[in-house]
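Data block for model-v9.txt (compact mmCIF, C-alpha atoms):
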# COMPACT_ATOMS: atom_id res chain seq x y z
CA MET A 1 85.61 136.65 54.31
CA ASP A 2 88.67 134.46 54.76
CA ALA A 3 89.93 136.67 57.61
CA VAL A 4 86.74 135.96 59.57
CA LEU A 5 86.84 132.22 58.83
CA ARG A 6 90.52 131.94 59.69
CA ALA A 7 90.06 133.76 62.99
CA ALA A 8 87.04 131.60 63.87
CA VAL A 9 88.86 128.35 63.07
CA PHE A 10 91.84 129.48 65.14
CA TYR A 11 89.64 130.49 68.06
CA PHE A 12 88.15 127.01 68.33
CA ILE A 13 91.40 125.13 67.66
CA LEU A 14 93.15 127.12 70.38
CA LEU A 15 90.20 126.68 72.73
CA ILE A 16 90.32 122.90 72.30
CA LEU A 17 94.11 122.73 72.63
CA VAL A 18 94.21 124.86 75.76
CA ARG A 19 91.31 122.91 77.27
CA ILE A 20 92.84 119.48 76.74
CA SER A 21 96.22 120.71 77.94
CA GLY A 22 94.45 120.97 81.26
CA ARG A 23 94.07 123.51 83.98
CA ARG A 24 97.54 122.99 85.33
CA THR A 25 99.30 124.01 82.16
CA LEU A 26 98.63 127.70 82.06
CA SER A 27 97.46 128.39 85.58
CA GLN A 28 100.57 128.54 87.71
CA ILE A 29 102.61 130.60 85.32
CA THR A 30 106.31 129.96 85.73
CA VAL A 31 108.86 132.01 83.81
CA PHE A 32 109.11 129.28 81.21
CA ASP A 33 105.32 129.02 80.83
CA PHE A 34 105.34 132.71 80.10
CA VAL A 35 107.96 132.26 77.38
CA LEU A 36 105.94 129.34 75.98
CA LEU A 37 102.87 131.54 75.85
CA LEU A 38 104.74 134.17 73.85
CA VAL A 39 106.02 131.57 71.39
CA ILE A 40 102.51 130.14 70.93
CA SER A 41 101.10 133.59 70.24
CA GLU A 42 103.88 134.28 67.75
CA ALA A 43 103.19 131.02 65.90
CA THR A 44 99.47 131.82 65.80
CA GLN A 45 99.95 135.38 64.68
CA SER A 46 101.70 134.63 61.39
CA ALA A 47 99.04 132.11 60.34
CA LEU A 48 96.20 134.43 61.34
CA VAL A 49 97.23 137.26 59.04
CA VAL A 50 99.14 135.22 56.39
CA ASP A 51 100.35 137.60 53.68
CA ASP A 52 97.89 140.34 54.36
CA ASP A 53 99.36 142.98 56.64
CA SER A 54 96.61 145.50 55.97
CA MET A 55 94.82 147.27 58.80
CA THR A 56 91.50 145.96 57.51
CA ASN A 57 92.66 142.37 57.87
CA SER A 58 93.98 142.70 61.42
CA PHE A 59 90.90 144.69 62.39
CA LEU A 60 88.62 141.96 61.05
CA VAL A 61 90.61 139.24 62.83
CA ILE A 62 90.45 141.09 66.16
CA VAL A 63 86.73 141.85 65.86
CA THR A 64 85.97 138.24 64.93
CA LEU A 65 87.91 136.85 67.90
CA LEU A 66 86.24 139.25 70.31
CA ILE A 67 82.71 138.70 68.99
CA ILE A 68 83.08 134.92 69.28
CA ASP A 69 84.36 135.40 72.81
CA ILE A 70 81.42 137.63 73.73
CA GLY A 71 78.96 135.28 72.03
CA LEU A 72 80.31 132.29 73.91
CA SER A 73 80.21 134.12 77.25
CA LEU A 74 76.51 134.88 76.64
CA ALA A 75 75.82 131.30 75.60
CA LYS A 76 77.62 130.02 78.71
CA LEU A 77 75.23 131.96 80.93
CA ARG A 78 72.31 130.31 79.22
CA TYR A 79 73.53 126.77 78.81
CA GLU A 80 75.22 125.32 81.85
CA SER A 81 76.54 122.32 79.96
CA LEU A 82 78.42 124.65 77.59
CA ASP A 83 79.82 126.51 80.56
CA LYS A 84 81.14 123.27 82.01
CA LEU A 85 82.59 122.21 78.70
CA ILE A 86 84.44 125.45 78.09
CA ASP A 87 85.42 126.55 81.58
CA GLY A 88 85.33 123.25 83.47
CA VAL A 89 84.06 122.61 86.98
CA PRO A 90 85.76 123.07 90.36
CA THR A 91 87.06 119.92 92.01
CA VAL A 92 87.43 119.28 95.74
CA ILE A 93 90.89 117.78 96.27
CA VAL A 94 91.18 117.87 100.07
CA ALA A 95 88.14 117.14 102.24
CA ASP A 96 88.27 117.40 106.07
CA GLY A 97 92.04 117.31 105.99
CA THR A 98 92.16 114.15 103.88
CA PRO A 99 93.74 114.50 100.44
CA LEU A 100 91.68 112.76 97.74
CA ARG A 101 94.61 111.07 96.03
CA GLU A 102 92.89 109.73 92.92
CA ARG A 103 91.45 113.11 92.04
CA MET A 104 94.71 114.89 92.75
CA GLN A 105 96.58 112.52 90.52
CA ARG A 106 94.17 112.91 87.62
CA ALA A 107 94.20 116.67 88.00
CA ARG A 108 98.02 116.63 88.17
CA VAL A 109 98.14 118.34 91.56
CA ASP A 110 100.20 117.10 94.51
CA GLU A 111 100.36 117.84 98.23
CA LYS A 112 103.15 120.36 97.69
CA ASP A 113 100.85 122.43 95.49
CA VAL A 114 98.08 122.28 98.07
CA MET A 115 100.44 123.29 100.88
CA GLU A 116 101.84 126.12 98.80
CA ALA A 117 98.33 127.49 98.36
CA ALA A 118 97.61 126.93 102.05
CA ARG A 119 100.67 128.89 103.13
CA GLN A 120 100.12 131.64 100.64
CA LEU A 121 96.41 132.19 101.19
CA GLN A 122 95.85 131.17 104.81
CA GLY A 123 99.28 131.00 106.43
CA LEU A 124 98.69 127.37 107.33
CA GLU A 125 101.52 125.07 108.30
CA ARG A 126 100.26 121.51 107.95
CA LEU A 127 97.90 119.54 105.78
CA ASP A 128 95.67 118.61 108.71
CA GLN A 129 94.86 122.28 109.26
CA ILE A 130 93.07 122.33 105.92
CA LYS A 131 89.36 121.63 105.93
CA PHE A 132 88.80 121.87 102.21
CA ALA A 133 91.04 122.53 99.22
CA VAL A 134 89.39 123.13 95.88
CA LEU A 135 90.98 123.17 92.45
CA GLU A 136 89.13 126.05 90.84
CA VAL A 137 88.20 126.48 87.18
CA THR A 138 90.85 129.19 86.86
CA GLY A 139 93.49 126.58 87.72
CA GLY A 140 94.32 127.97 91.15
CA ILE A 141 93.84 126.14 94.44
CA THR A 142 91.72 127.73 97.16
CA VAL A 143 91.91 126.61 100.76
CA VAL A 144 89.34 126.63 103.56
CA PRO A 145 91.11 126.23 106.94
CA LYS A 146 89.69 124.32 109.89
CA LYS A 147 88.29 126.41 112.74
CA GLU A 148 90.72 128.81 114.42
CA THR A 149 90.64 126.93 117.77
CA GLY A 150 91.94 123.77 116.16
CA THR A 151 94.89 125.61 114.71
CA ARG A 152 95.77 127.19 118.02
CA ALA A 153 95.56 123.91 119.87
CA ALA A 154 97.88 122.32 117.36
CA ASN A 155 100.34 125.16 117.74
CA VAL A 156 100.43 124.82 121.49
CA GLN A 157 101.18 121.15 121.16
CA ASP A 158 104.26 122.03 119.09
CA MET B 159 84.49 105.77 88.24
CA ARG B 160 83.16 105.27 91.72
CA PRO B 161 79.43 105.16 92.28
CA SER B 162 79.58 107.96 94.84
CA ASP B 163 81.01 110.26 92.18
CA GLU B 164 78.39 109.26 89.66
CA THR B 165 75.53 110.31 91.86
CA SER B 166 76.81 113.67 93.05
CA PRO B 167 76.45 116.28 90.37
CA GLU B 168 76.31 119.00 93.03
CA SER B 169 78.29 119.21 96.23
CA SER B 170 76.17 116.72 98.12
CA SER B 171 79.25 114.86 99.35
CA TRP B 172 80.28 117.91 101.38
CA PRO B 173 77.17 119.61 102.69
CA SER B 174 79.08 122.43 104.38
CA LEU B 175 80.93 123.45 101.25
CA GLU B 176 78.97 125.27 98.60
CA VAL B 177 80.92 124.31 95.52
CA HIS B 178 79.44 123.47 92.16
CA GLU B 179 81.25 120.22 91.73
CA ASP B 180 80.29 117.71 89.05
CA MET B 181 82.47 114.65 89.35
CA ARG B 182 80.65 112.80 86.60
CA PHE B 183 81.53 115.54 84.16
CA GLN B 184 85.00 115.97 85.65
CA ASN B 185 85.86 112.28 85.33
CA ARG B 186 84.62 112.19 81.77
CA PHE B 187 86.61 115.30 81.00
CA TRP B 188 89.80 113.87 82.51
CA THR B 189 89.38 110.85 80.25
CA ALA B 190 88.81 113.12 77.25
CA GLU B 191 91.92 115.05 78.26
CA ARG B 192 94.02 111.88 78.12
CA ILE B 193 92.60 111.01 74.71
CA GLY B 194 93.41 114.55 73.59
CA TRP B 195 97.03 114.15 74.68
CA THR B 196 97.29 110.92 72.72
CA VAL B 197 95.91 112.67 69.64
CA MET B 198 98.42 115.49 70.09
CA ALA B 199 101.28 113.01 70.36
CA LEU B 200 100.06 111.22 67.22
CA LEU B 201 99.91 114.55 65.37
CA VAL B 202 103.54 115.25 66.28
CA LEU B 203 104.49 111.76 65.14
CA ALA B 204 102.59 112.19 61.87
CA ALA B 205 104.33 115.51 61.30
CA LEU B 206 107.73 113.86 61.84
CA LEU B 207 106.77 111.20 59.29
CA GLY B 208 105.83 113.87 56.77
CA LEU B 209 102.06 113.76 56.79
CA PHE B 210 102.07 117.56 56.89
CA SER B 211 104.76 117.98 54.20
CA VAL B 212 108.53 117.38 54.30
CA GLY B 213 109.26 113.88 55.57
CA PRO B 214 109.53 110.28 54.42
CA LEU B 215 105.81 110.01 53.61
CA SER B 216 105.80 113.23 51.60
CA THR B 217 109.05 113.45 49.64
CA ARG B 218 108.67 111.73 46.30
CA THR B 219 110.92 111.00 43.38
CA ALA B 220 109.30 109.93 40.12
CA ARG B 221 110.63 109.11 36.66
CA ASP B 222 108.98 108.85 33.30
CA VAL B 223 108.76 105.47 31.55
CA ALA B 224 111.71 106.12 29.24
CA GLY B 225 113.87 107.36 32.10
CA LEU B 226 114.51 110.73 30.50
CA VAL B 227 113.05 112.96 33.18
CA GLY B 228 113.05 112.57 36.94
CA ILE B 229 111.31 114.88 39.37
CA GLU B 230 111.70 115.28 43.09
CA TYR B 231 108.96 117.02 45.00
CA GLU B 232 106.87 117.10 48.16
CA ARG B 233 103.63 115.22 47.61
CA ILE B 234 102.02 117.15 50.43
CA GLN B 235 102.29 120.90 50.18
CA ARG B 236 101.19 123.75 52.43
CA TYR B 237 99.28 126.77 51.23
CA LYS B 238 101.67 129.62 50.40
CA ALA B 239 104.69 127.80 51.80
CA PRO B 240 107.62 128.08 49.37
CA ASP B 241 109.02 124.81 48.03
CA THR B 242 111.16 123.50 45.20
CA PHE B 243 110.44 121.13 42.34
CA LEU B 244 113.64 119.46 41.12
CA VAL B 245 113.48 118.30 37.51
CA THR B 246 116.43 116.21 36.38
CA LEU B 247 116.97 115.64 32.69
CA SER B 248 119.00 112.45 32.26
CA LYS B 249 119.60 112.41 28.54
CA LEU B 250 117.97 113.87 25.48
CA PRO B 251 116.02 111.62 23.10
CA GLY B 252 116.81 113.42 19.87
CA PRO B 253 119.43 115.64 18.28
CA GLY B 254 119.81 119.33 19.06
CA ASP B 255 121.02 121.30 22.02
CA THR B 256 117.67 122.30 23.51
CA ALA B 257 115.26 120.57 25.84
CA ALA B 258 111.58 121.45 25.84
CA LEU B 259 109.96 120.80 29.21
CA ARG B 260 106.19 120.63 29.33
CA VAL B 261 104.48 121.58 32.58
CA SER B 262 100.74 120.91 32.63
CA GLN B 263 98.33 123.77 33.14
CA SER B 264 96.94 122.24 36.33
CA LEU B 265 100.35 122.68 37.99
CA VAL B 266 100.77 126.18 36.62
CA ASP B 267 97.36 127.10 38.02
CA ALA B 268 97.95 125.55 41.43
CA PHE B 269 101.42 126.97 41.97
CA GLU B 270 102.88 130.39 41.57
CA ILE B 271 106.28 129.79 39.97
CA GLU B 272 108.53 132.28 41.73
CA SER B 273 111.70 131.51 39.80
CA ILE B 274 113.23 128.92 37.51
CA GLN B 275 116.91 128.11 37.85
CA PRO B 276 118.37 128.14 35.20
CA GLU B 277 116.02 130.54 33.47
CA PRO B 278 114.47 129.06 30.33
CA ASP B 279 115.47 130.37 26.95
CA GLN B 280 111.88 130.50 25.84
CA THR B 281 108.45 130.04 27.27
CA ALA B 282 105.62 128.97 25.01
CA ILE B 283 101.92 128.63 25.73
CA ALA B 284 100.33 125.37 24.64
CA ALA B 285 96.68 124.34 24.90
CA ASP B 286 96.95 122.72 28.34
CA ALA B 287 100.53 123.38 29.33
CA LEU B 288 103.46 125.74 29.42
CA VAL B 289 106.54 124.68 27.50
CA TYR B 290 109.89 125.86 28.79
CA THR B 291 112.83 125.55 26.45
CA PHE B 292 116.31 125.29 27.92
CA ARG B 293 119.55 125.53 26.00
CA LEU B 294 122.04 122.81 26.91
CA GLU B 295 125.79 122.90 26.79
CA ASN B 296 126.18 119.14 26.72
CA PRO B 297 123.08 117.28 25.44
CA ASP B 298 124.47 113.98 26.80
CA ARG B 299 124.44 115.19 30.39
CA PRO B 300 121.74 117.86 30.57
CA GLY B 301 121.39 118.44 34.34
CA THR B 302 118.81 119.76 36.77
CA VAL B 303 116.22 122.53 36.71
CA HIS B 304 114.96 124.06 39.99
CA PHE B 305 111.42 125.41 40.07
CA SER B 306 110.81 127.58 43.13
CA ILE B 307 107.10 127.39 43.73
CA LYS B 308 104.41 128.63 46.09
CA PRO B 309 101.06 126.79 46.34
CA GLN B 310 98.10 129.02 45.56
CA LYS B 311 95.21 126.55 45.68
CA LEU B 312 93.89 124.09 48.24
CA GLY B 313 93.20 120.39 47.95
CA PRO B 314 94.34 117.73 45.50
CA VAL B 315 96.27 118.65 42.37
CA GLN B 316 97.09 116.30 39.52
CA GLY B 317 99.75 117.33 37.06
CA GLU B 318 102.25 116.23 34.48
CA ILE B 319 105.81 117.23 33.73
CA GLY B 320 107.75 115.82 30.81
CA LEU B 321 109.72 116.40 27.65
CA ALA B 322 107.57 117.64 24.77
CA GLY B 323 106.27 114.77 22.68
CA ARG B 324 107.19 112.13 25.29
CA ASP B 325 105.30 110.39 28.05
CA PRO B 326 105.28 112.75 31.00
CA VAL B 327 105.83 112.05 34.69
CA ARG B 328 102.57 112.18 36.58
CA THR B 329 102.42 113.99 39.90
CA ASN B 330 99.80 113.68 42.60
CA LEU B 331 99.87 116.45 45.14
CA PHE B 332 97.79 117.65 47.99
CA ILE B 333 97.88 121.21 49.29
CA LEU B 334 97.02 121.70 52.96
CA PRO B 335 95.51 124.95 54.22
Can the structure in the file be given as structure tokens, please?
Amino acid sequence: MDAVLRAAVFYFILLILVRISGRRTLSQITVFDFVLLLVISEATQSALVVDDDSMTNSFLVIVTLLIIDIGLSLAKLRYESLDKLIDGVPTVIVADGTPLRERMQRARVDEKDVMEAARQLQGLERLDQIKFAVLEVTGGITVVPKKETGTRAANVQD
Amino acid sequence: MRPSDETSPESSSWPSLEVHEDMRFQNRFWTAERIGWTVMALLVLAALLGLFSVGPLSTRTARDVAGLVGIEYERIQRYKAPDTFLVTLSKLPGPGDTAALRVSQSLVDAFEIESIQPEPDQTAIAADALVYTFRLENPDRPGTVHFSIKPQKLGPVQGEIGLAGRDPVRTNLFILP
């Protein structure tokens, strides 16, 4: 019984901690973020199984974590508010080439991040070539470029 | 929060972009996020102060009324985390070269005693306590006994440690999960 309770408590504590750490924390994984992730999992692991190294215990912990995860994914489909609470909502951070500074600041994203995504995904060169940039629920930034003709005209000018 | 954000649960601000934006929720969540960070910082601060065991708020030294026995312990304990109870015997009240230390049953129940250093000469079972008898080389300067313990219960624990037949030292502990 305690294995199930412990796993359930940990699931929700970790969910809350990861959620309030924000999208930026674990989205763009740097080498150090990766190390941090390993350390967090190590710290969790010892408390999840305490003294009991039996197969039964680890099996129960794993099944509990997975069943909560499945249950929540089903509940998210049904209740939109729960979906928003757990996964968040996408946020437009650049509209018609204009960066929305207040939003970017609160989401801890800057122009460099937007331009990085623009180069990577669309091969864009300047901010004004971006029509929309959206901070997605996964933590990544997606970019919609302005129409092709605009880009070409700008290039010619250069 | 700007009024334009309040009234646009869907992507009405950008008709061409089909994105399920909800700035009202997002702004509220950003605020909640900041509150969450503050709580996390306070938790770290509380841990440094000893609210989760080991720290100025947790480490306690207590003596009995007659000043015969002093104990040093963590008031806040963690479930199954090893710790030490230090019991210092200052001087013996009567003649003889033994000291009988009474540890109340509530403490014995709440903690697994992993080892006692030095080992007692004798252990006796009393109605509501265990009595450990130590042989002393110099009854004028008895010394210190280390109890290595491991909490086995959760929640508050009240206990008493003292010389047999004397007023004991009262301990108030709390064991965290």
- Task: Kindly indicate which residue among A:Val144, A:Leu77, A:Ala8, A:Ile68 lies nearest to chain B, using only C-alpha atoms for the distances.
- Result: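 The shortest atom-to-atom distance to chain B comes from A:Val144.
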Using only C-alpha atoms, find which residues of chain B lie within 10 Å of chain A and jot them down as a short mmCIF file (atom, residue, chain, number, x, y, z; two decimals) with C-alpha atoms, keeping the file's coordinate frame.
data_model
loop_
_atom_site.label_atom_id
_atom_site.label_comp_id
_atom_site.auth_asym_id
_atom_site.auth_seq_id
_atom_site.Cartn_x
_atom_site.Cartn_y
_atom_site.Cartn_z
CA SER B 169 78.29 119.21 96.23
CA SER B 171 79.25 114.86 99.35
CA TRP B 172 80.28 117.91 101.38
CA SER B 174 79.08 122.43 104.38
CA LEU B 175 80.93 123.45 101.25
CA VAL B 177 80.92 124.31 95.52
CA HIS B 178 79.44 123.47 92.16
CA GLU B 179 81.25 120.22 91.73
CA ASP B 180 80.29 117.71 89.05
CA MET B 181 82.47 114.65 89.35
CA PHE B 183 81.53 115.54 84.16
CA GLN B 184 85.00 115.97 85.65
CA ASN B 185 85.86 112.28 85.33
CA PHE B 187 86.61 115.30 81.00
CA TRP B 188 89.80 113.87 82.51
CA THR B 189 89.38 110.85 80.25
CA ALA B 190 88.81 113.12 77.25
CA GLU B 191 91.92 115.05 78.26
CA ARG B 192 94.02 111.88 78.12
CA ILE B 193 92.60 111.01 74.71
CA GLY B 194 93.41 114.55 73.59
CA TRP B 195 97.03 114.15 74.68
CA MET B 198 98.42 115.49 70.09
CA TYR B 237 99.28 126.77 51.23
CA LYS B 238 101.67 129.62 50.40
#
- Query: Counting all atoms listed in the file, which of A:Ala3, A:Thr30, A:Arg108, A:Asp83 gets nearest to Val63 (chain A)?
  - Reply: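 Closest to Val63 (chain A), using all atoms listed in the file: A:Ala3.
Once Ser58 (chain A) and its same-chain neighbours fewer than 2 positions away are set aside, A:Asp2, A:Ala3, A:Val4, A:Arg6, A:Ala7, A:Gln45, A:Ser46, A:Ala47, A:Leu48, A:Val49, A:Val50, A:Asp51, A:Asp52, A:Asp53, A:Ser54, A:Met55, A:Thr56, A:Leu60, A:Val61, A:Ile62, A:Val63, A:Thr64, A:Leu65 remain within 12 Å of it when counting all atoms listed in the file.
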- Which residues come within 12 Å of Arg293 (chain B), counting all atoms listed in the file, excluding same-chain residues fewer than 3 positions away, as a list in words? Leu250, Gly254, Asp255, Thr256, Ala257, Ala258, Leu259, Pro276, Glu277, Pro278, Asp279, Gln280, Tyr290, Asn296, Pro297, Pro300, Gly301 and Val303 of chain B
- Item | Exercise: region 270-274 of chain B partners within 12 Å, all atoms listed in the file, chain neighbours under 4 positions left out, as a VMD selection string | chain B and resid 237 to 245 261 263 to 266 278 to 281 288 290 to 292 302 to 311
Tell me which protein, DNA and RNA residues are within 7 Å of region 227-234 of chain B, counting only C-alpha atoms, leaving out same-chain ones fewer than 4 positions away, and put them as a PDB file with C-alpha atoms, keeping the file's coordinate frame.
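What follows is the written file around_10.pdb:
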ATOM      1  CA  PHE B 210     102.070 117.560  56.890  1.00  0.00           C
ATOM      2  CA  SER B 211     104.760 117.980  54.200  1.00  0.00           C
ATOM      3  CA  VAL B 212     108.530 117.380  54.300  1.00  0.00           C
ATOM      4  CA  SER B 216     105.800 113.230  51.600  1.00  0.00           C
ATOM      5  CA  THR B 217     109.050 113.450  49.640  1.00  0.00           C
ATOM      6  CA  ARG B 218     108.670 111.730  46.300  1.00  0.00           C
ATOM      7  CA  THR B 219     110.920 111.000  43.380  1.00  0.00           C
ATOM      8  CA  ALA B 220     109.300 109.930  40.120  1.00  0.00           C
ATOM      9  CA  ARG B 221     110.630 109.110  36.660  1.00  0.00           C
ATOM     10  CA  ASP B 222     108.980 108.850  33.300  1.00  0.00           C
ATOM     11  CA  THR B 242     111.160 123.500  45.200  1.00  0.00           C
ATOM     12  CA  PHE B 243     110.440 121.130  42.340  1.00  0.00           C
ATOM     13  CA  LEU B 244     113.640 119.460  41.120  1.00  0.00           C
ATOM     14  CA  VAL B 245     113.480 118.300  37.510  1.00  0.00           C
ATOM     15  CA  THR B 246     116.430 116.210  36.380  1.00  0.00           C
ATOM     16  CA  LEU B 247     116.970 115.640  32.690  1.00  0.00           C
ATOM     17  CA  SER B 248     119.000 112.450  32.260  1.00  0.00           C
ATOM     18  CA  GLY B 320     107.750 115.820  30.810  1.00  0.00           C
ATOM     19  CA  ASN B 330      99.800 113.680  42.600  1.00  0.00           C
ATOM     20  CA  LEU B 331      99.870 116.450  45.140  1.00  0.00           C
ATOM     21  CA  PHE B 332      97.790 117.650  47.990  1.00  0.00           C
ATOM     22  CA  ILE B 333      97.880 121.210  49.290  1.00  0.00           C
TER      23      ILE B 333
END
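Rounded to one decimal, CA of Val143 (chain A) and CA of Ala118 (chain A) lie 5.9 Å from each other.
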- Length of the CA of Asp298 (chain B) to CA of Leu226 (chain B) vector [Å]: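 Those two atoms sit 11.1 Å apart.
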- Find the residue from B:Glu176, B:Ala285, B:Arg182, B:Ala205 that sits nearest to Ser262 (chain B); use all atoms listed in the file when measuring. B:Ala285
- Query: Suppose you want the space between CA of Ala204 (chain B) and CA of Val39 (chain A); what is it in Å?
  - Reply: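 Going from CA of Ala204 (chain B) over to CA of Val39 (chain A) covers 21.9 Å.
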